[in-house]
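S.K.: The structure follows.
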Amino acid sequence: MSRHVAIVTDSTAYLPPQTMERHAITAVPLTVVIGDRALEEGTEISARSLAEALQKRRSVTTSRPAPEVFAAAYRAAAEAGAEGIVSLHLSGEFSGTYDAAVLAAKGAPVPVRVVDTRMVGMALGFCALAAAEVVEAGGSLDEAVSAAEKRAAGTSAFFYVDTLDYLRRGGRIGAAQALLGSALAVKPLLELDGGRIELREKVRTASKAIARLEEIAVERAGGGPVEIAVHHLSAPERAAALAERLRERLPAVEDLQVTEVGAVIGAHTGPGLLAVVVSPR
């Protein structure tokens with residue numbers, strides 16, 4: 001069924017395929033480069049393959065989609081009947097994806113509103129879902145953008161990594177903080193703040209860091225309706241246990257998803273990542 005407003009995002013939203021199909025959301029893939037091989041996230045490289053490459057210390061980088069890829073997605077949406085497009089993307093602090101989408105939007109056959117959500121992972125995914133729900137209810141292009149921006153403003157993401165080294169290598173966090181964490185054997189708790197990764201707290205052990213991650217998520221969720229996503233990379237048991245504790249402690253949770261991140265985010269966090277996205281309704 002065609003929609004009068006199409007929703008486009010990118011592969012770092014990590015929305016389940018069935019959710020994207022149900023809400024007619026299109027995800028444009030970013031690329032992971034391992035050695036000299038460029039692979040599309042979501043179709044050509046798995047999280048497991050990425051983790052294996054990182055553990056073998058192979059060269060791993062990521063790159064944005066080409067503007068032409070966005071242009072093709074926008075043309076396809078217009079040909080399917082869309083009269084406008086909302087294009088929602090990961091923080092411009094992490095990637096040139098937003099800039100590529102803006103370039104493509106200039107030549108699109110229908111109006112395209114490109115939004116830098118300042119988010120990533122399901123923090124971005126929840127923004128896309130908020131826009132899709134407005135469209136499904138008959139809302140306009142501007143109303144869909146407003147819903148996505150409102151959801152982004154209210155959403156928080158907190159995460160634990162075993163080491164800051166992968167973030168340092170990718171330039172996503174200051175080298176001085178990475179050295180500090182390594183020198184003191186500190187387990188870092190990080191958060192998204194203004195589209196950037198910031199160090200929230202330093203905890204002495206992994207178990208204490210994960211317990212603190214749980215407390216922060218519960219505090220942020222409050223007592224009202226909320227959607228939560230637990231992300232991980234090569235840590236399914238940790239993620240499942242954390243999700244179960246959150247379900248028990250947050251009876252107002254409307255939806256709680258557990259998903260492994262894809263290769264793009266995994267390339268910058270490394271195996272052992274555990275993250276919680278808290279998105280009040």
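Following the order of the structure tokens, first chain is A, next is B, and so on, with residues numbered from 1 inside each chain and ligands from 1 in the order they appear.
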Please, which residues in region 123-165 of chain A fall within 12 Å of region 214-238 of chain A when counting only C-alpha atoms, and what is the closest atom pair and distance in Å to one decimal for each, ordered by chain then residue number, as JSON lines?
M.R.:
```
{"residue": "A:Ala123", "atom": "CA", "partner": "A:Ala229", "partner_atom": "CA", "distance": 8.2}
{"residue": "A:Leu124", "atom": "CA", "partner": "A:Ala229", "partner_atom": "CA", "distance": 11.0}
{"residue": "A:Gly125", "atom": "CA", "partner": "A:Ala229", "partner_atom": "CA", "distance": 9.7}
{"residue": "A:Phe126", "atom": "CA", "partner": "A:Glu227", "partner_atom": "CA", "distance": 8.3}
{"residue": "A:Cys127", "atom": "CA", "partner": "A:Glu227", "partner_atom": "CA", "distance": 11.5}
{"residue": "A:Leu129", "atom": "CA", "partner": "A:Glu227", "partner_atom": "CA", "distance": 11.2}
{"residue": "A:Ala130", "atom": "CA", "partner": "A:Glu227", "partner_atom": "CA", "distance": 11.4}
{"residue": "A:Arg151", "atom": "CA", "partner": "A:Glu227", "partner_atom": "CA", "distance": 10.9}
{"residue": "A:Gly154", "atom": "CA", "partner": "A:Arg220", "partner_atom": "CA", "distance": 10.0}
{"residue": "A:Thr155", "atom": "CA", "partner": "A:Arg220", "partner_atom": "CA", "distance": 9.3}
{"residue": "A:Ser156", "atom": "CA", "partner": "A:Arg220", "partner_atom": "CA", "distance": 7.8}
{"residue": "A:Ala157", "atom": "CA", "partner": "A:Ala217", "partner_atom": "CA", "distance": 8.6}
{"residue": "A:Phe158", "atom": "CA", "partner": "A:Ala217", "partner_atom": "CA", "distance": 7.7}
{"residue": "A:Phe159", "atom": "CA", "partner": "A:His231", "partner_atom": "CA", "distance": 8.7}
{"residue": "A:Tyr160", "atom": "CA", "partner": "A:His232", "partner_atom": "CA", "distance": 9.4}
{"residue": "A:Val161", "atom": "CA", "partner": "A:His232", "partner_atom": "CA", "distance": 9.6}
{"residue": "A:Asp162", "atom": "CA", "partner": "A:Leu233", "partner_atom": "CA", "distance": 10.8}
```
S.K.: Write out as a PyMOL selection string the residues lying within 7 Å of Lys187 (chain A), counting only C-alpha atoms and excluding same-chain residues fewer than 6 positions away.
M.R.: chain A and resi 162+181+202-206+209
S.K.: Could you save those same residues with N, CA and C atoms as a compact mmCIF listing (two decimals), in the first residue's frame?
M.R.:
```txt
# COMPACT_ATOMS: atom_id res chain seq x y z
N ASP A 162 33.56 -2.68 26.81
CA ASP A 162 34.66 -3.30 27.55
C ASP A 162 35.93 -2.46 27.49
N GLY A 181 41.03 5.63 30.74
CA GLY A 181 40.30 4.41 31.03
C GLY A 181 41.20 3.20 31.05
N LYS A 202 32.67 6.52 35.40
CA LYS A 202 33.71 5.49 35.35
C LYS A 202 33.47 4.54 36.52
N VAL A 203 33.39 3.25 36.22
CA VAL A 203 33.09 2.23 37.22
C VAL A 203 34.23 1.21 37.21
N ARG A 204 34.50 0.61 38.36
CA ARG A 204 35.70 -0.22 38.50
C ARG A 204 35.59 -1.61 37.85
N THR A 205 34.41 -2.20 37.81
CA THR A 205 34.29 -3.55 37.27
C THR A 205 33.15 -3.62 36.27
N ALA A 206 33.18 -4.64 35.42
CA ALA A 206 32.12 -4.81 34.43
C ALA A 206 30.78 -5.04 35.10
N ALA A 209 29.45 -1.85 36.41
CA ALA A 209 29.07 -0.97 35.31
C ALA A 209 27.70 -1.36 34.75
```
S.K.: Between A:Ser207, A:Ser11, A:Ser95, A:Ser87, which is the closest to Glu149 (chain A) once you count only C-alpha atoms?
M.R.: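 Comparing A:Ser207, A:Ser11, A:Ser95, A:Ser87 against Glu149 (chain A), the winner is A:Ser87.
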S.K.: Select, from A:Val69, A:Leu189, A:Ala267, A:Ala132, the residue with the minimum atom-to-atom distance to Lys208 (chain A), counting only C-alpha atoms.
M.R.: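 Result for the nearest residue to Lys208 (chain A): A:Leu189.
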S.K.: From a backbone DSSP assignment, name each residue in region 192-242 of chain A labelled helix (DSSP H, G or I), as a list in words.
M.R.: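 Those residues are Ala206, Ser207, Lys208, Ala209, Ile210, Ala211, Arg212, Leu213, Glu214, Glu215, Ile216, Ala217, Val218, Glu219, Arg220, Ala221, Pro236, Glu237, Arg238, Ala239, Ala240, Ala241 and Leu242 of chain A.
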S.K.: Include N, CA and C atoms and write out the residues we just selected as a compact mmCIF listing (two decimals), in the first residue's frame.
M.R.:
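part08.txt was written with the following content:
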```txt
# COMPACT_ATOMS: atom_id res chain seq x y z
N ALA A 206 33.18 -4.64 35.42
CA ALA A 206 32.12 -4.81 34.43
C ALA A 206 30.78 -5.04 35.10
N SER A 207 30.75 -5.87 36.14
CA SER A 207 29.47 -6.15 36.81
C SER A 207 28.87 -4.90 37.43
N LYS A 208 29.71 -4.07 38.03
CA LYS A 208 29.21 -2.82 38.62
C LYS A 208 28.74 -1.86 37.53
N ALA A 209 29.45 -1.85 36.41
CA ALA A 209 29.07 -0.97 35.31
C ALA A 209 27.70 -1.36 34.75
N ILE A 210 27.46 -2.66 34.60
CA ILE A 210 26.18 -3.12 34.06
C ILE A 210 25.05 -2.87 35.06
N ALA A 211 25.34 -3.05 36.35
CA ALA A 211 24.33 -2.73 37.37
C ALA A 211 24.00 -1.25 37.35
N ARG A 212 25.00 -0.43 37.16
CA ARG A 212 24.77 1.02 37.11
C ARG A 212 24.00 1.40 35.84
N LEU A 213 24.30 0.71 34.74
CA LEU A 213 23.56 0.95 33.49
C LEU A 213 22.07 0.68 33.72
N GLU A 214 21.76 -0.38 34.41
CA GLU A 214 20.37 -0.71 34.74
C GLU A 214 19.72 0.39 35.57
N GLU A 215 20.42 0.88 36.59
CA GLU A 215 19.87 1.92 37.46
C GLU A 215 19.60 3.21 36.68
N ILE A 216 20.53 3.57 35.82
CA ILE A 216 20.36 4.79 35.02
C ILE A 216 19.13 4.66 34.12
N ALA A 217 18.96 3.49 33.51
CA ALA A 217 17.82 3.28 32.62
C ALA A 217 16.50 3.37 33.39
N VAL A 218 16.46 2.78 34.56
CA VAL A 218 15.24 2.82 35.38
C VAL A 218 14.93 4.25 35.79
N GLU A 219 15.95 4.99 36.21
CA GLU A 219 15.74 6.39 36.60
C GLU A 219 15.21 7.20 35.43
N ARG A 220 15.79 6.99 34.25
CA ARG A 220 15.39 7.77 33.08
C ARG A 220 13.98 7.41 32.62
N ALA A 221 13.60 6.15 32.76
CA ALA A 221 12.29 5.70 32.29
C ALA A 221 11.15 6.31 33.11
N PRO A 236 24.97 -11.77 24.04
CA PRO A 236 23.54 -12.04 24.13
C PRO A 236 23.05 -12.38 25.53
N GLU A 237 23.86 -13.10 26.31
CA GLU A 237 23.42 -13.46 27.67
C GLU A 237 23.30 -12.22 28.55
N ARG A 238 24.30 -11.36 28.47
CA ARG A 238 24.26 -10.11 29.22
C ARG A 238 23.01 -9.30 28.85
N ALA A 239 22.76 -9.20 27.56
CA ALA A 239 21.62 -8.39 27.09
C ALA A 239 20.30 -8.98 27.55
N ALA A 240 20.14 -10.30 27.44
CA ALA A 240 18.90 -10.94 27.85
C ALA A 240 18.66 -10.77 29.35
N ALA A 241 19.71 -10.92 30.14
CA ALA A 241 19.57 -10.77 31.60
C ALA A 241 19.19 -9.34 31.96
N LEU A 242 19.83 -8.36 31.32
CA LEU A 242 19.50 -6.96 31.59
C LEU A 242 18.06 -6.65 31.19
```
S.K.: For Gly92 (chain A), which residue out of A:Ala147, A:Met119, A:Val8, A:Ala73 is the nearest one, using only C-alpha atoms?
M.R.: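 For Gly92 (chain A), the nearest of the given residues is A:Met119.
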S.K.: Quick one: residues within 7 Å of Thr117 (chain A), only C-alpha atoms counted, chain neighbours fewer than 4 positions away excluded, as a ChimeraX atom specification?
M.R.: /A:88-91,124,149,152
S.K.: Please, what distance in Å, to one decimal, runs between CA of Gly272 (chain A) and CA of Thr163 (chain A)?
M.R.: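 Interatomic distance, CA of Gly272 (chain A) to CA of Thr163 (chain A): 8.7 Å.
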S.K.: Tell me, which residues of region 33-198 of chain A carry DSSP strand (DSSP E or B), written as a PDB file with C-alpha atoms, in the first residue's frame?
M.R.:
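File result-v7.pdb, as written:
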```
ATOM      1  CA  VAL A  33      35.217  -1.763   4.879  1.00  0.00           C
ATOM      2  CA  ILE A  34      37.266  -4.742   6.110  1.00  0.00           C
ATOM      3  CA  ARG A  37      36.401  -5.251   0.913  1.00  0.00           C
ATOM      4  CA  ALA A  38      33.457  -2.844   1.065  1.00  0.00           C
ATOM      5  CA  LEU A  39      30.327  -4.528   2.443  1.00  0.00           C
ATOM      6  CA  GLU A  40      26.802  -3.203   2.887  1.00  0.00           C
ATOM      7  CA  GLU A  41      25.493  -3.311   6.432  1.00  0.00           C
ATOM      8  CA  ILE A  45      28.151  -8.503   6.602  1.00  0.00           C
ATOM      9  CA  VAL A  60      37.845  -2.024   9.855  1.00  0.00           C
ATOM     10  CA  THR A  61      36.381   1.314   8.791  1.00  0.00           C
ATOM     11  CA  THR A  62      32.923   2.584   7.906  1.00  0.00           C
ATOM     12  CA  SER A  63      31.567   4.935   5.263  1.00  0.00           C
ATOM     13  CA  GLY A  84       6.669  13.797   0.381  1.00  0.00           C
ATOM     14  CA  ILE A  85       9.489  12.035   2.223  1.00  0.00           C
ATOM     15  CA  VAL A  86      10.844  12.227   5.767  1.00  0.00           C
ATOM     16  CA  SER A  87      14.477  11.109   5.816  1.00  0.00           C
ATOM     17  CA  LEU A  88      15.780  10.461   9.348  1.00  0.00           C
ATOM     18  CA  HIS A  89      19.428   9.709  10.071  1.00  0.00           C
ATOM     19  CA  LEU A  90      22.110   9.041  12.615  1.00  0.00           C
ATOM     20  CA  VAL A 112      12.187  15.659   1.188  1.00  0.00           C
ATOM     21  CA  ARG A 113      12.717  16.741   4.780  1.00  0.00           C
ATOM     22  CA  VAL A 114      16.089  15.456   5.990  1.00  0.00           C
ATOM     23  CA  VAL A 115      16.547  15.319   9.764  1.00  0.00           C
ATOM     24  CA  ASP A 116      19.733  14.812  11.756  1.00  0.00           C
ATOM     25  CA  THR A 117      18.170  13.105  14.774  1.00  0.00           C
ATOM     26  CA  ARG A 118      21.456  13.297  16.747  1.00  0.00           C
ATOM     27  CA  MET A 119      20.714   9.673  17.605  1.00  0.00           C
ATOM     28  CA  SER A 156      18.183   8.768  25.880  1.00  0.00           C
ATOM     29  CA  ALA A 157      20.859   6.194  25.128  1.00  0.00           C
ATOM     30  CA  PHE A 158      23.396   4.851  27.603  1.00  0.00           C
ATOM     31  CA  PHE A 159      25.996   2.210  26.971  1.00  0.00           C
ATOM     32  CA  TYR A 160      28.855   0.192  28.344  1.00  0.00           C
ATOM     33  CA  LYS A 187      34.954   0.351  32.842  1.00  0.00           C
ATOM     34  CA  PRO A 188      33.332   3.314  31.091  1.00  0.00           C
ATOM     35  CA  LEU A 189      29.648   4.170  30.999  1.00  0.00           C
ATOM     36  CA  LEU A 190      28.864   6.447  28.068  1.00  0.00           C
ATOM     37  CA  GLU A 191      25.834   8.347  26.804  1.00  0.00           C
ATOM     38  CA  LEU A 192      24.618  10.183  23.744  1.00  0.00           C
ATOM     39  CA  ASP A 193      24.560  13.886  24.492  1.00  0.00           C
ATOM     40  CA  ARG A 196      28.062  13.063  20.615  1.00  0.00           C
ATOM     41  CA  ILE A 197      29.414  10.246  22.754  1.00  0.00           C
ATOM     42  CA  GLU A 198      30.229  11.529  26.209  1.00  0.00           C
TER      43      GLU A 198
END
```
S.K.: Region 112-214 of chain A near region 3-7 of chain A within 9 Å: what's each residue's closest atom pair and its distance in Å to one decimal, counting only C-alpha atoms, ordered by chain then ascending residue number, as a tab-separated table?
M.R.:
```
residue	atom	partner	partner_atom	distance
A:Ala128	CA	A:Ile7	CA	7.0
A:Leu129	CA	A:Ile7	CA	8.9
A:Ala131	CA	A:Ile7	CA	7.3
A:Ala132	CA	A:Ile7	CA	6.5
A:Val135	CA	A:Val5	CA	6.4
A:Glu136	CA	A:Arg3	CA	7.9
A:Gly138	CA	A:His4	CA	8.4
A:Gly139	CA	A:Val5	CA	8.6
A:Ser140	CA	A:Val5	CA	7.3
A:Leu141	CA	A:Val5	CA	6.2
A:Ala144	CA	A:Val5	CA	8.4
```
S.K.: Could the residues in this selection be saved with C-alpha atoms as a short mmCIF file (atom, residue, chain, number, x, y, z; two decimals), in the first residue's frame?
M.R.:
```cif
data_model
loop_
_atom_site.label_atom_id
_atom_site.label_comp_id
_atom_site.auth_asym_id
_atom_site.auth_seq_id
_atom_site.Cartn_x
_atom_site.Cartn_y
_atom_site.Cartn_z
CA ALA A 128 11.39 6.63 12.52
CA LEU A 129 8.55 4.72 14.18
CA ALA A 131 7.05 9.52 12.18
CA ALA A 132 5.52 6.38 10.64
CA VAL A 135 1.72 9.10 8.66
CA GLU A 136 -0.42 6.02 9.26
CA GLY A 138 -3.14 10.54 8.12
CA GLY A 139 -0.68 13.16 9.35
CA SER A 140 1.21 15.54 7.10
CA LEU A 141 4.90 15.73 6.20
CA ALA A 144 5.70 13.48 10.83
#
```
